[in-house]
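Novice: Quick one: this structure, given as structure tokens, is what I'll be asking you about.
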Amino acid sequence: MNKDLQFFPLDTKQAQLPEYAHLLKTASDQNLVYRPSFIYSNIHMRLSKEIGDNLRFAFNSYNIFNIRPVEDKNGSITYFNGRPSFGAELILTIK
């Protein structure tokens, strides 16, 4: 499956090729903790507006500046932050 959620099935011969070896996971892989060799940031933003005493509107943005550091090791690329995502909420308080 690629980043656009398109599924590409592999037959047995294709699955054994070295190009797809990174897809194999063993039991020992699940115990590994990956620590990148650098520090990276992720910036979020929340903007809220209260309308009267009972209503609040909020807009959220995660990774707002699309900071996506990349590490290329042995031909495999690792992205450390996800793409920006946005959300909104409307809060009504009944007193």
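A note on labels: chains of the structure tokens are A, B, ... as shown, every chain counts residues from 1, and ligands are counted from 1 in their shown order.
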Mind checking which residues fall within 10 Å of Leu47 in chain A, counting only C-alpha atoms, ignoring those fewer than 6 positions away in the same chain, and posting them as a list in words?

Specialist: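 Result of the neighbour search: Phe57, Ala58, Phe59, Asn60, Ser61 and Ala88 of chain A.
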
Novice: May I have the selected residues written with all heavy atoms, as a PDB file, in the first residue's frame?

Specialist:
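Contents of out37.pdb, freshly written:
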ATOM      1  N   PHE A  57     -15.933  28.633  19.555  1.00  0.00           N
ATOM      2  CA  PHE A  57     -15.493  28.025  18.304  1.00  0.00           C
ATOM      3  C   PHE A  57     -13.976  27.908  18.360  1.00  0.00           C
ATOM      4  O   PHE A  57     -13.288  28.851  18.760  1.00  0.00           O
ATOM      5  CB  PHE A  57     -15.911  28.882  17.102  1.00  0.00           C
ATOM      6  CG  PHE A  57     -15.408  28.354  15.799  1.00  0.00           C
ATOM      7  CD1 PHE A  57     -15.991  27.235  15.222  1.00  0.00           C
ATOM      8  CD2 PHE A  57     -14.343  28.950  15.157  1.00  0.00           C
ATOM      9  CE1 PHE A  57     -15.526  26.733  14.023  1.00  0.00           C
ATOM     10  CE2 PHE A  57     -13.867  28.454  13.960  1.00  0.00           C
ATOM     11  CZ  PHE A  57     -14.466  27.348  13.387  1.00  0.00           C
ATOM     12  N   ALA A  58     -13.423  26.757  17.960  1.00  0.00           N
ATOM     13  CA  ALA A  58     -11.978  26.545  17.995  1.00  0.00           C
ATOM     14  C   ALA A  58     -11.527  25.897  16.691  1.00  0.00           C
ATOM     15  O   ALA A  58     -12.224  25.058  16.113  1.00  0.00           O
ATOM     16  CB  ALA A  58     -11.594  25.664  19.177  1.00  0.00           C
ATOM     17  N   PHE A  59     -10.352  26.292  16.246  1.00  0.00           N
ATOM     18  CA  PHE A  59      -9.717  25.730  15.060  1.00  0.00           C
ATOM     19  C   PHE A  59      -8.362  25.176  15.484  1.00  0.00           C
ATOM     20  O   PHE A  59      -7.581  25.873  16.130  1.00  0.00           O
ATOM     21  CB  PHE A  59      -9.553  26.811  13.984  1.00  0.00           C
ATOM     22  CG  PHE A  59      -8.807  26.346  12.782  1.00  0.00           C
ATOM     23  CD1 PHE A  59      -9.411  25.525  11.852  1.00  0.00           C
ATOM     24  CD2 PHE A  59      -7.485  26.713  12.582  1.00  0.00           C
ATOM     25  CE1 PHE A  59      -8.715  25.089  10.734  1.00  0.00           C
ATOM     26  CE2 PHE A  59      -6.782  26.282  11.479  1.00  0.00           C
ATOM     27  CZ  PHE A  59      -7.400  25.472  10.548  1.00  0.00           C
ATOM     28  N   ASN A  60      -8.065  23.920  15.133  1.00  0.00           N
ATOM     29  CA  ASN A  60      -6.812  23.259  15.507  1.00  0.00           C
ATOM     30  C   ASN A  60      -6.011  22.932  14.257  1.00  0.00           C
ATOM     31  O   ASN A  60      -6.576  22.526  13.237  1.00  0.00           O
ATOM     32  CB  ASN A  60      -7.086  21.944  16.238  1.00  0.00           C
ATOM     33  CG  ASN A  60      -7.950  22.134  17.448  1.00  0.00           C
ATOM     34  OD1 ASN A  60      -7.710  23.008  18.258  1.00  0.00           O
ATOM     35  ND2 ASN A  60      -8.974  21.315  17.563  1.00  0.00           N
ATOM     36  N   SER A  61      -4.715  23.076  14.370  1.00  0.00           N
ATOM     37  CA  SER A  61      -3.822  22.678  13.289  1.00  0.00           C
ATOM     38  C   SER A  61      -2.616  21.979  13.913  1.00  0.00           C
ATOM     39  O   SER A  61      -1.975  22.518  14.809  1.00  0.00           O
ATOM     40  CB  SER A  61      -3.371  23.898  12.497  1.00  0.00           C
ATOM     41  OG  SER A  61      -2.442  23.502  11.530  1.00  0.00           O
ATOM     42  N   ALA A  88     -11.758  21.429  13.609  1.00  0.00           N
ATOM     43  CA  ALA A  88     -12.514  22.533  14.198  1.00  0.00           C
ATOM     44  C   ALA A  88     -13.514  21.937  15.170  1.00  0.00           C
ATOM     45  O   ALA A  88     -13.913  20.783  15.051  1.00  0.00           O
ATOM     46  CB  ALA A  88     -13.231  23.332  13.125  1.00  0.00           C
TER      47      ALA A  88
END

Novice: Name the residues of chain A that fall into strand (DSSP E or B) according to DSSP on the backbone, using the chain letters and numbers of this document, as a PDB file with all heavy atoms, in the first residue's frame.

Specialist:
ATOM      1  N   HIS A  44       2.199  23.021  16.729  1.00  0.00           N
ATOM      2  CA  HIS A  44       0.749  22.957  16.657  1.00  0.00           C
ATOM      3  C   HIS A  44       0.169  24.335  16.968  1.00  0.00           C
ATOM      4  O   HIS A  44       0.817  25.165  17.594  1.00  0.00           O
ATOM      5  CB  HIS A  44       0.190  21.962  17.670  1.00  0.00           C
ATOM      6  CG  HIS A  44       0.834  20.624  17.614  1.00  0.00           C
ATOM      7  ND1 HIS A  44       0.826  19.841  16.499  1.00  0.00           N
ATOM      8  CD2 HIS A  44       1.543  19.943  18.534  1.00  0.00           C
ATOM      9  CE1 HIS A  44       1.471  18.715  16.744  1.00  0.00           C
ATOM     10  NE2 HIS A  44       1.926  18.757  17.978  1.00  0.00           N
ATOM     11  N   MET A  45      -1.062  24.552  16.550  1.00  0.00           N
ATOM     12  CA  MET A  45      -1.715  25.827  16.817  1.00  0.00           C
ATOM     13  C   MET A  45      -3.187  25.582  17.117  1.00  0.00           C
ATOM     14  O   MET A  45      -3.817  24.716  16.512  1.00  0.00           O
ATOM     15  CB  MET A  45      -1.599  26.746  15.601  1.00  0.00           C
ATOM     16  CG  MET A  45      -2.260  28.100  15.821  1.00  0.00           C
ATOM     17  SD  MET A  45      -2.177  29.159  14.377  1.00  0.00           S
ATOM     18  CE  MET A  45      -3.435  28.430  13.354  1.00  0.00           C
ATOM     19  N   ARG A  46      -3.708  26.340  18.061  1.00  0.00           N
ATOM     20  CA  ARG A  46      -5.136  26.292  18.365  1.00  0.00           C
ATOM     21  C   ARG A  46      -5.614  27.731  18.497  1.00  0.00           C
ATOM     22  O   ARG A  46      -5.048  28.522  19.238  1.00  0.00           O
ATOM     23  CB  ARG A  46      -5.407  25.548  19.654  1.00  0.00           C
ATOM     24  CG  ARG A  46      -6.883  25.523  19.996  1.00  0.00           C
ATOM     25  CD  ARG A  46      -7.114  24.799  21.295  1.00  0.00           C
ATOM     26  NE  ARG A  46      -8.514  24.901  21.638  1.00  0.00           N
ATOM     27  CZ  ARG A  46      -9.246  23.888  22.018  1.00  0.00           C
ATOM     28  NH1 ARG A  46      -8.704  22.702  22.122  1.00  0.00           N
ATOM     29  NH2 ARG A  46     -10.498  24.056  22.322  1.00  0.00           N
ATOM     30  N   LEU A  47      -6.647  28.053  17.779  1.00  0.00           N
ATOM     31  CA  LEU A  47      -7.215  29.388  17.778  1.00  0.00           C
ATOM     32  C   LEU A  47      -8.660  29.262  18.240  1.00  0.00           C
ATOM     33  O   LEU A  47      -9.429  28.499  17.654  1.00  0.00           O
ATOM     34  CB  LEU A  47      -7.151  29.954  16.363  1.00  0.00           C
ATOM     35  CG  LEU A  47      -7.293  31.428  16.149  1.00  0.00           C
ATOM     36  CD1 LEU A  47      -6.192  32.170  16.897  1.00  0.00           C
ATOM     37  CD2 LEU A  47      -7.187  31.740  14.671  1.00  0.00           C
ATOM     38  N   SER A  48      -9.026  29.980  19.309  1.00  0.00           N
ATOM     39  CA  SER A  48     -10.381  29.880  19.869  1.00  0.00           C
ATOM     40  C   SER A  48     -11.024  31.257  19.937  1.00  0.00           C
ATOM     41  O   SER A  48     -10.352  32.260  20.186  1.00  0.00           O
ATOM     42  CB  SER A  48     -10.346  29.295  21.281  1.00  0.00           C
ATOM     43  OG  SER A  48      -9.851  27.995  21.267  1.00  0.00           O
ATOM     44  N   LYS A  49     -12.310  31.284  19.775  1.00  0.00           N
ATOM     45  CA  LYS A  49     -13.086  32.518  19.907  1.00  0.00           C
ATOM     46  C   LYS A  49     -14.338  32.202  20.711  1.00  0.00           C
ATOM     47  O   LYS A  49     -15.118  31.329  20.351  1.00  0.00           O
ATOM     48  CB  LYS A  49     -13.457  33.066  18.524  1.00  0.00           C
ATOM     49  CG  LYS A  49     -14.390  34.248  18.546  1.00  0.00           C
ATOM     50  CD  LYS A  49     -13.732  35.454  19.164  1.00  0.00           C
ATOM     51  CE  LYS A  49     -14.699  36.637  19.152  1.00  0.00           C
ATOM     52  NZ  LYS A  49     -14.257  37.725  19.975  1.00  0.00           N
ATOM     53  N   GLU A  50     -14.501  32.911  21.827  1.00  0.00           N
ATOM     54  CA  GLU A  50     -15.717  32.745  22.621  1.00  0.00           C
ATOM     55  C   GLU A  50     -16.754  33.740  22.121  1.00  0.00           C
ATOM     56  O   GLU A  50     -16.481  34.933  21.992  1.00  0.00           O
ATOM     57  CB  GLU A  50     -15.412  32.962  24.098  1.00  0.00           C
ATOM     58  CG  GLU A  50     -14.551  31.856  24.658  1.00  0.00           C
ATOM     59  CD  GLU A  50     -14.511  31.843  26.169  1.00  0.00           C
ATOM     60  OE1 GLU A  50     -15.330  32.525  26.804  1.00  0.00           O
ATOM     61  OE2 GLU A  50     -13.652  31.130  26.699  1.00  0.00           O
ATOM     62  N   ILE A  51     -17.941  33.230  21.868  1.00  0.00           N
ATOM     63  CA  ILE A  51     -19.045  34.043  21.375  1.00  0.00           C
ATOM     64  C   ILE A  51     -20.098  34.044  22.466  1.00  0.00           C
ATOM     65  O   ILE A  51     -20.802  33.058  22.658  1.00  0.00           O
ATOM     66  CB  ILE A  51     -19.614  33.472  20.062  1.00  0.00           C
ATOM     67  CG1 ILE A  51     -18.485  33.341  19.027  1.00  0.00           C
ATOM     68  CG2 ILE A  51     -20.749  34.328  19.544  1.00  0.00           C
ATOM     69  CD1 ILE A  51     -18.840  32.549  17.811  1.00  0.00           C
ATOM     70  N   LEU A  55     -21.010  29.892  24.036  1.00  0.00           N
ATOM     71  CA  LEU A  55     -20.587  29.320  22.753  1.00  0.00           C
ATOM     72  C   LEU A  55     -19.111  29.615  22.509  1.00  0.00           C
ATOM     73  O   LEU A  55     -18.631  30.723  22.727  1.00  0.00           O
ATOM     74  CB  LEU A  55     -21.432  29.915  21.628  1.00  0.00           C
ATOM     75  CG  LEU A  55     -21.302  29.300  20.246  1.00  0.00           C
ATOM     76  CD1 LEU A  55     -21.739  27.843  20.257  1.00  0.00           C
ATOM     77  CD2 LEU A  55     -22.138  30.084  19.252  1.00  0.00           C
ATOM     78  N   ARG A  56     -18.379  28.584  22.066  1.00  0.00           N
ATOM     79  CA  ARG A  56     -16.963  28.758  21.733  1.00  0.00           C
ATOM     80  C   ARG A  56     -16.659  27.996  20.449  1.00  0.00           C
ATOM     81  O   ARG A  56     -17.064  26.842  20.284  1.00  0.00           O
ATOM     82  CB  ARG A  56     -16.066  28.248  22.859  1.00  0.00           C
ATOM     83  CG  ARG A  56     -14.587  28.437  22.522  1.00  0.00           C
ATOM     84  CD  ARG A  56     -13.668  28.123  23.670  1.00  0.00           C
ATOM     85  NE  ARG A  56     -13.863  26.744  24.096  1.00  0.00           N
ATOM     86  CZ  ARG A  56     -13.485  26.285  25.274  1.00  0.00           C
ATOM     87  NH1 ARG A  56     -12.934  27.073  26.159  1.00  0.00           N
ATOM     88  NH2 ARG A  56     -13.678  25.022  25.574  1.00  0.00           N
ATOM     89  N   PHE A  57     -15.933  28.633  19.555  1.00  0.00           N
ATOM     90  CA  PHE A  57     -15.493  28.025  18.304  1.00  0.00           C
ATOM     91  C   PHE A  57     -13.976  27.908  18.360  1.00  0.00           C
ATOM     92  O   PHE A  57     -13.288  28.851  18.760  1.00  0.00           O
ATOM     93  CB  PHE A  57     -15.911  28.882  17.102  1.00  0.00           C
ATOM     94  CG  PHE A  57     -15.408  28.354  15.799  1.00  0.00           C
ATOM     95  CD1 PHE A  57     -15.991  27.235  15.222  1.00  0.00           C
ATOM     96  CD2 PHE A  57     -14.343  28.950  15.157  1.00  0.00           C
ATOM     97  CE1 PHE A  57     -15.526  26.733  14.023  1.00  0.00           C
ATOM     98  CE2 PHE A  57     -13.867  28.454  13.960  1.00  0.00           C
ATOM     99  CZ  PHE A  57     -14.466  27.348  13.387  1.00  0.00           C
ATOM    100  N   ALA A  58     -13.423  26.757  17.960  1.00  0.00           N
ATOM    101  CA  ALA A  58     -11.978  26.545  17.995  1.00  0.00           C
ATOM    102  C   ALA A  58     -11.527  25.897  16.691  1.00  0.00           C
ATOM    103  O   ALA A  58     -12.224  25.058  16.113  1.00  0.00           O
ATOM    104  CB  ALA A  58     -11.594  25.664  19.177  1.00  0.00           C
ATOM    105  N   PHE A  59     -10.352  26.292  16.246  1.00  0.00           N
ATOM    106  CA  PHE A  59      -9.717  25.730  15.060  1.00  0.00           C
ATOM    107  C   PHE A  59      -8.362  25.176  15.484  1.00  0.00           C
ATOM    108  O   PHE A  59      -7.581  25.873  16.130  1.00  0.00           O
ATOM    109  CB  PHE A  59      -9.553  26.811  13.984  1.00  0.00           C
ATOM    110  CG  PHE A  59      -8.807  26.346  12.782  1.00  0.00           C
ATOM    111  CD1 PHE A  59      -9.411  25.525  11.852  1.00  0.00           C
ATOM    112  CD2 PHE A  59      -7.485  26.713  12.582  1.00  0.00           C
ATOM    113  CE1 PHE A  59      -8.715  25.089  10.734  1.00  0.00           C
ATOM    114  CE2 PHE A  59      -6.782  26.282  11.479  1.00  0.00           C
ATOM    115  CZ  PHE A  59      -7.400  25.472  10.548  1.00  0.00           C
ATOM    116  N   ASN A  60      -8.065  23.920  15.133  1.00  0.00           N
ATOM    117  CA  ASN A  60      -6.812  23.259  15.507  1.00  0.00           C
ATOM    118  C   ASN A  60      -6.011  22.932  14.257  1.00  0.00           C
ATOM    119  O   ASN A  60      -6.576  22.526  13.237  1.00  0.00           O
ATOM    120  CB  ASN A  60      -7.086  21.944  16.238  1.00  0.00           C
ATOM    121  CG  ASN A  60      -7.950  22.134  17.448  1.00  0.00           C
ATOM    122  OD1 ASN A  60      -7.710  23.008  18.258  1.00  0.00           O
ATOM    123  ND2 ASN A  60      -8.974  21.315  17.563  1.00  0.00           N
ATOM    124  N   SER A  61      -4.715  23.076  14.370  1.00  0.00           N
ATOM    125  CA  SER A  61      -3.822  22.678  13.289  1.00  0.00           C
ATOM    126  C   SER A  61      -2.616  21.979  13.913  1.00  0.00           C
ATOM    127  O   SER A  61      -1.975  22.518  14.809  1.00  0.00           O
ATOM    128  CB  SER A  61      -3.371  23.898  12.497  1.00  0.00           C
ATOM    129  OG  SER A  61      -2.442  23.502  11.530  1.00  0.00           O
ATOM    130  N   TYR A  62      -2.323  20.777  13.425  1.00  0.00           N
ATOM    131  CA  TYR A  62      -1.181  20.004  13.913  1.00  0.00           C
ATOM    132  C   TYR A  62      -0.115  19.971  12.824  1.00  0.00           C
ATOM    133  O   TYR A  62      -0.413  19.742  11.663  1.00  0.00           O
ATOM    134  CB  TYR A  62      -1.610  18.592  14.289  1.00  0.00           C
ATOM    135  CG  TYR A  62      -2.679  18.611  15.350  1.00  0.00           C
ATOM    136  CD1 TYR A  62      -4.020  18.514  15.017  1.00  0.00           C
ATOM    137  CD2 TYR A  62      -2.344  18.789  16.681  1.00  0.00           C
ATOM    138  CE1 TYR A  62      -4.996  18.574  15.988  1.00  0.00           C
ATOM    139  CE2 TYR A  62      -3.317  18.849  17.653  1.00  0.00           C
ATOM    140  CZ  TYR A  62      -4.635  18.738  17.297  1.00  0.00           C
ATOM    141  OH  TYR A  62      -5.605  18.807  18.264  1.00  0.00           O
ATOM    142  N   VAL A  70      13.627  14.481   7.235  1.00  0.00           N
ATOM    143  CA  VAL A  70      13.781  13.209   6.524  1.00  0.00           C
ATOM    144  C   VAL A  70      15.157  12.640   6.840  1.00  0.00           C
ATOM    145  O   VAL A  70      16.134  13.362   6.934  1.00  0.00           O
ATOM    146  CB  VAL A  70      13.651  13.443   5.001  1.00  0.00           C
ATOM    147  CG1 VAL A  70      13.923  12.178   4.236  1.00  0.00           C
ATOM    148  CG2 VAL A  70      12.290  13.983   4.661  1.00  0.00           C
ATOM    149  N   GLU A  71      15.199  11.340   7.011  1.00  0.00           N
ATOM    150  CA  GLU A  71      16.476  10.653   7.177  1.00  0.00           C
ATOM    151  C   GLU A  71      16.543   9.555   6.128  1.00  0.00           C
ATOM    152  O   GLU A  71      15.618   8.761   5.997  1.00  0.00           O
ATOM    153  CB  GLU A  71      16.588  10.076   8.582  1.00  0.00           C
ATOM    154  CG  GLU A  71      17.929   9.455   8.842  1.00  0.00           C
ATOM    155  CD  GLU A  71      18.073   9.037  10.293  1.00  0.00           C
ATOM    156  OE1 GLU A  71      17.259   8.227  10.751  1.00  0.00           O
ATOM    157  OE2 GLU A  71      18.972   9.532  10.949  1.00  0.00           O
ATOM    158  N   ASP A  72      17.623   9.529   5.383  1.00  0.00           N
ATOM    159  CA  ASP A  72      17.808   8.539   4.325  1.00  0.00           C
ATOM    160  C   ASP A  72      18.942   7.607   4.735  1.00  0.00           C
ATOM    161  O   ASP A  72      20.098   7.994   4.773  1.00  0.00           O
ATOM    162  CB  ASP A  72      18.146   9.242   3.011  1.00  0.00           C
ATOM    163  CG  ASP A  72      18.170   8.292   1.835  1.00  0.00           C
ATOM    164  OD1 ASP A  72      18.002   7.078   2.042  1.00  0.00           O
ATOM    165  OD2 ASP A  72      18.355   8.758   0.700  1.00  0.00           O
ATOM    166  N   LYS A  73      18.583   6.394   5.112  1.00  0.00           N
ATOM    167  CA  LYS A  73      19.583   5.388   5.509  1.00  0.00           C
ATOM    168  C   LYS A  73      19.440   4.174   4.602  1.00  0.00           C
ATOM    169  O   LYS A  73      18.369   3.590   4.510  1.00  0.00           O
ATOM    170  CB  LYS A  73      19.373   4.948   6.957  1.00  0.00           C
ATOM    171  CG  LYS A  73      19.897   5.912   7.974  1.00  0.00           C
ATOM    172  CD  LYS A  73      19.843   5.268   9.341  1.00  0.00           C
ATOM    173  CE  LYS A  73      20.512   6.151  10.358  1.00  0.00           C
ATOM    174  NZ  LYS A  73      20.510   5.557  11.681  1.00  0.00           N
ATOM    175  N   SER A  76      16.414   3.753   2.326  1.00  0.00           N
ATOM    176  CA  SER A  76      15.048   3.843   2.846  1.00  0.00           C
ATOM    177  C   SER A  76      14.867   5.207   3.504  1.00  0.00           C
ATOM    178  O   SER A  76      15.699   5.654   4.276  1.00  0.00           O
ATOM    179  CB  SER A  76      14.765   2.728   3.848  1.00  0.00           C
ATOM    180  OG  SER A  76      15.569   2.889   4.985  1.00  0.00           O
ATOM    181  N   ILE A  77      13.788   5.870   3.176  1.00  0.00           N
ATOM    182  CA  ILE A  77      13.530   7.219   3.665  1.00  0.00           C
ATOM    183  C   ILE A  77      12.558   7.147   4.833  1.00  0.00           C
ATOM    184  O   ILE A  77      11.545   6.462   4.765  1.00  0.00           O
ATOM    185  CB  ILE A  77      12.950   8.098   2.545  1.00  0.00           C
ATOM    186  CG1 ILE A  77      13.973   8.222   1.413  1.00  0.00           C
ATOM    187  CG2 ILE A  77      12.563   9.461   3.070  1.00  0.00           C
ATOM    188  CD1 ILE A  77      13.469   8.943   0.206  1.00  0.00           C
ATOM    189  N   THR A  78      12.879   7.860   5.910  1.00  0.00           N
ATOM    190  CA  THR A  78      12.031   7.908   7.094  1.00  0.00           C
ATOM    191  C   THR A  78      11.570   9.347   7.306  1.00  0.00           C
ATOM    192  O   THR A  78      12.397  10.247   7.399  1.00  0.00           O
ATOM    193  CB  THR A  78      12.788   7.426   8.345  1.00  0.00           C
ATOM    194  OG1 THR A  78      13.263   6.108   8.103  1.00  0.00           O
ATOM    195  CG2 THR A  78      11.889   7.430   9.563  1.00  0.00           C
ATOM    196  N   TYR A  79      10.250   9.555   7.365  1.00  0.00           N
ATOM    197  CA  TYR A  79       9.691  10.862   7.689  1.00  0.00           C
ATOM    198  C   TYR A  79       9.337  10.853   9.172  1.00  0.00           C
ATOM    199  O   TYR A  79       8.664   9.947   9.642  1.00  0.00           O
ATOM    200  CB  TYR A  79       8.429  11.143   6.870  1.00  0.00           C
ATOM    201  CG  TYR A  79       8.696  11.313   5.396  1.00  0.00           C
ATOM    202  CD1 TYR A  79       8.545  10.257   4.516  1.00  0.00           C
ATOM    203  CD2 TYR A  79       9.091  12.541   4.890  1.00  0.00           C
ATOM    204  CE1 TYR A  79       8.792  10.411   3.169  1.00  0.00           C
ATOM    205  CE2 TYR A  79       9.334  12.708   3.546  1.00  0.00           C
ATOM    206  CZ  TYR A  79       9.183  11.642   2.687  1.00  0.00           C
ATOM    207  OH  TYR A  79       9.425  11.796   1.357  1.00  0.00           O
ATOM    208  N   SER A  85      -2.506  18.457   9.688  1.00  0.00           N
ATOM    209  CA  SER A  85      -3.914  18.084   9.793  1.00  0.00           C
ATOM    210  C   SER A  85      -4.653  19.218  10.499  1.00  0.00           C
ATOM    211  O   SER A  85      -4.075  19.940  11.307  1.00  0.00           O
ATOM    212  CB  SER A  85      -4.090  16.763  10.536  1.00  0.00           C
ATOM    213  OG  SER A  85      -3.619  16.888  11.857  1.00  0.00           O
ATOM    214  N   PHE A  86      -5.910  19.357  10.166  1.00  0.00           N
ATOM    215  CA  PHE A  86      -6.698  20.471  10.670  1.00  0.00           C
ATOM    216  C   PHE A  86      -8.005  19.956  11.257  1.00  0.00           C
ATOM    217  O   PHE A  86      -8.502  18.908  10.856  1.00  0.00           O
ATOM    218  CB  PHE A  86      -7.002  21.460   9.537  1.00  0.00           C
ATOM    219  CG  PHE A  86      -5.776  21.924   8.812  1.00  0.00           C
ATOM    220  CD1 PHE A  86      -5.366  21.326   7.634  1.00  0.00           C
ATOM    221  CD2 PHE A  86      -5.008  22.939   9.332  1.00  0.00           C
ATOM    222  CE1 PHE A  86      -4.230  21.748   6.975  1.00  0.00           C
ATOM    223  CE2 PHE A  86      -3.859  23.377   8.680  1.00  0.00           C
ATOM    224  CZ  PHE A  86      -3.474  22.774   7.495  1.00  0.00           C
ATOM    225  N   GLY A  87      -8.549  20.702  12.177  1.00  0.00           N
ATOM    226  CA  GLY A  87      -9.820  20.329  12.781  1.00  0.00           C
ATOM    227  C   GLY A  87     -10.484  21.554  13.355  1.00  0.00           C
ATOM    228  O   GLY A  87      -9.878  22.599  13.564  1.00  0.00           O
ATOM    229  N   ALA A  88     -11.758  21.429  13.609  1.00  0.00           N
ATOM    230  CA  ALA A  88     -12.514  22.533  14.198  1.00  0.00           C
ATOM    231  C   ALA A  88     -13.514  21.937  15.170  1.00  0.00           C
ATOM    232  O   ALA A  88     -13.913  20.783  15.051  1.00  0.00           O
ATOM    233  CB  ALA A  88     -13.231  23.332  13.125  1.00  0.00           C
ATOM    234  N   GLU A  89     -13.895  22.749  16.151  1.00  0.00           N
ATOM    235  CA  GLU A  89     -14.900  22.293  17.108  1.00  0.00           C
ATOM    236  C   GLU A  89     -15.777  23.458  17.510  1.00  0.00           C
ATOM    237  O   GLU A  89     -15.356  24.607  17.505  1.00  0.00           O
ATOM    238  CB  GLU A  89     -14.260  21.640  18.311  1.00  0.00           C
ATOM    239  CG  GLU A  89     -13.406  22.541  19.151  1.00  0.00           C
ATOM    240  CD  GLU A  89     -12.752  21.813  20.312  1.00  0.00           C
ATOM    241  OE1 GLU A  89     -13.253  20.746  20.734  1.00  0.00           O
ATOM    242  OE2 GLU A  89     -11.735  22.293  20.811  1.00  0.00           O
ATOM    243  N   LEU A  90     -16.993  23.127  17.835  1.00  0.00           N
ATOM    244  CA  LEU A  90     -17.975  24.101  18.310  1.00  0.00           C
ATOM    245  C   LEU A  90     -18.472  23.593  19.657  1.00  0.00           C
ATOM    246  O   LEU A  90     -18.981  22.471  19.743  1.00  0.00           O
ATOM    247  CB  LEU A  90     -19.128  24.208  17.303  1.00  0.00           C
ATOM    248  CG  LEU A  90     -20.168  25.259  17.558  1.00  0.00           C
ATOM    249  CD1 LEU A  90     -19.553  26.653  17.524  1.00  0.00           C
ATOM    250  CD2 LEU A  90     -21.279  25.164  16.526  1.00  0.00           C
ATOM    251  N   ILE A  91     -18.305  24.392  20.701  1.00  0.00           N
ATOM    252  CA  ILE A  91     -18.659  23.983  22.051  1.00  0.00           C
ATOM    253  C   ILE A  91     -19.808  24.846  22.542  1.00  0.00           C
ATOM    254  O   ILE A  91     -19.695  26.089  22.585  1.00  0.00           O
ATOM    255  CB  ILE A  91     -17.450  24.099  22.999  1.00  0.00           C
ATOM    256  CG1 ILE A  91     -16.325  23.207  22.500  1.00  0.00           C
ATOM    257  CG2 ILE A  91     -17.870  23.727  24.432  1.00  0.00           C
ATOM    258  CD1 ILE A  91     -15.016  23.426  23.214  1.00  0.00           C
ATOM    259  N   LEU A  92     -20.892  24.216  22.911  1.00  0.00           N
ATOM    260  CA  LEU A  92     -22.068  24.906  23.437  1.00  0.00           C
ATOM    261  C   LEU A  92     -22.207  24.498  24.898  1.00  0.00           C
ATOM    262  O   LEU A  92     -22.305  23.318  25.206  1.00  0.00           O
ATOM    263  CB  LEU A  92     -23.326  24.514  22.658  1.00  0.00           C
ATOM    264  CG  LEU A  92     -24.642  25.085  23.153  1.00  0.00           C
ATOM    265  CD1 LEU A  92     -24.631  26.601  23.024  1.00  0.00           C
ATOM    266  CD2 LEU A  92     -25.790  24.492  22.366  1.00  0.00           C
TER     267      LEU A  92
END

Novice: Of the residues A:Ser41, A:His22, A:Asp11, A:Thr93, which is the one nearest to Arg68 in chain A, using only C-alpha atoms?

Specialist: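 With only C-alpha atoms as the atom set, the closest residue is A:Ser41.
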
Novice: For Ile39 in chain A, which of A:Gly75, A:Pro69, A:Pro18, A:Pro84 is the closest residue, counting only C-alpha atoms?

Specialist: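 Ranking A:Gly75, A:Pro69, A:Pro18, A:Pro84 by distance to Ile39 in chain A, first place goes to A:Pro69.
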
Novice: Between CA of Ile64 in chain A and CA of Ile43 in chain A, what is the distance in Å, rounded to a tenth?

Specialist: 6.1 Å

Novice: Using DSSP on the backbone coordinates, identify all residues within chain A classified as helix (DSSP H, G or I); present the result as a count of residues only.

Specialist: 15

Novice: Quick check, in Å to one decimal: how far apart do CA of Asn81 in chain A and CA of Phe65 in chain A lie?

Specialist: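 A separation of 11.0 Å between them.
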
Novice: Please, what distance in Å, to one decimal, runs between CA of Phe8 in chain A and CA of Asn63 in chain A?

Specialist: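 We find that CA of Phe8 in chain A and CA of Asn63 in chain A lie 29.4 Å from each other.
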